[in-house]
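First comes the structure, then the notes that go with it.
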Amino acid sequence: MITTFNGSAVQLLPPEGTGKTDRRARFEETYRAYGTLMFRLARNILRDDDLAEDAAADAAMKLWEHYDCLEEPTGPQAKRYVAVLTEHRAIDLLRKRKREATIPLDEIESYHAPAWNPEQRLDITAALNKLPNEQRTAVQLALSCGLTAKQVAQTLGCSTAKAEKLISRGKAALRERLEDGYHD
């Protein structure tokens, strides 16, 4: 089965003639029913169409690998299974992106100023780097990636209450350091 996401062709299944035509037809039925849902769930988590396409395609491949777990190609069980696969893959991509990317300082909404000078940028970087790792990561995910506390909690593998505290305390510490004219 070949499908397209935003004009890009993606091969989701092995070519026909592999002896699994019934399985293939059932999978295609599931994918037709939930393919759009997969993309939307991934886009809501990742906030990036290209990454969402990757996550949805990866989830479809994982669905194909474990398709025998489903009793019916569509229905509540299939929908939940597809949603969980997609959410997990999107969160995995988000974590990978978080590990690989550094946060651009001009995306920190609370402290955005139209004319930052290099010294101010250094102060912000220094203030961010002085936050404890977990707090800094929570603040970066919330402010730069635009994640909610619940999404930050899922990404960090902690409770929503803990994520809210990390974000709140991290932003307060960052604000305090910046207001005091932080210099190291």
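Here's how to read the names in the structure tokens: chain A, B, ... by the order shown, residue numbers from 1 in each chain, ligand numbers from 1 in the order shown.
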**OP:** Please identify all polymer residues within 9 Å of segment 47-54 of chain A, counting only C-alpha atoms, omitting same-chain residues fewer than 6 positions from it, and present them as a count of residues only.
**Re:** 11
**OP:** Could you give me, as number ranges by chain, the residues within 10 Å of Ala83 of chain A, counting only C-alpha atoms and dropping anything in the same chain fewer than 5 positions from it?
**Re:** A: 34, 37-39, 41-42, 56, 59, 77-78, 88-89
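With only C-alpha atoms as the atoms that count, the minimum distance from Phe27 of chain A to the choices A:Ala172, A:Cys69, A:Ala55, A:Ala153 is reached by A:Cys69.
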Subject >> Leu128 of chain A environment, 9 Å, only C-alpha atoms, sequence neighbours closer than 3 positions dropped, as a list in words >> reply: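 So the residues in contact are Asp123, Ile124, Thr125, Leu131, Pro132, Arg136, Val139, Gln140, Gly170 and Leu174 of chain A.
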**OP:** Give the answer as one residue: which of A:Asp22, A:Glu87, A:Glu65, A:Glu28 has the shortest atom-to-atom distance to Ile45 of chain A, using only C-alpha atoms?
**Re:**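 Of the candidates, the smallest distance to Ile45 of chain A is held by A:Glu87.
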Subject >> Atom pair atom CA of Lys62 of chain A / atom CA of Gln151 of chain A: separation (Å) >> reply: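 That distance, rounded to one decimal, is 22.3 Å.
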Original post:
If you measure from atom CA of Ala138 of chain A to atom CA of Asp58 of chain A, what distance in Å do you get, rounded to one decimal?
Top reply: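 Straight-line distance from atom CA of Ala138 of chain A to atom CA of Asp58 of chain A works out to 26.1 Å.
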**OP:** Grab the atom CA of Arg80 of chain A to atom CA of Asp68 of chain A distance for me, in Å with one decimal place.
**Re:**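 Spanning atom CA of Arg80 of chain A to atom CA of Asp68 of chain A is a straight-line distance of 14.9 Å.
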Subject >> Contact residues around Glu71 of chain A with only C-alpha atoms at 12 Å, ignoring same-chain residues under 4 positions, as a PyMOL selection string >> reply: chain A and resi 23+26-27+30+66-67+75-79+81
Subject >> Among the residues A:Gln154, A:Ala127, A:Ala163, A:Ile91, the one that comes closest to Asp180 of chain A [using only C-alpha atoms] >> reply: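 That would be A:Ala127, the residue with the smallest distance to Asp180 of chain A.
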Original post:
From the set A:Thr36, A:Leu122, A:Lys98, A:Met61, which residue has the shortest atom-to-atom contact distance to Val152 of chain A, counting only C-alpha atoms?
Top reply: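 Of the candidates, the smallest distance to Val152 of chain A is held by A:Lys98.
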**OP:** From the DSSP assignment of the backbone, select every residue of segment 8-94 of chain A that is alpha helix (DSSP H), and format the answer as a PyMOL selection string.
**Re:** chain A and resi 21-46+49-65+76-94
Subject >> Residue nearest Glu164 of chain A among A:Arg177, A:Glu119, A:Leu147, A:Lys130 (counting only C-alpha atoms) >> reply: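 The answer is A:Leu147, which sits nearest to Glu164 of chain A.
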Original post:
Skipping near chain neighbours, those fewer than 6 positions away, what residues fall within 10 Å of Lys150 of chain A using only C-alpha atoms, listed as a list in words?
Top reply: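 The contact residues come out as Leu156, Cys158, Ser159, Thr160, Ala161, Lys162, Ala163 and Glu164 of chain A.
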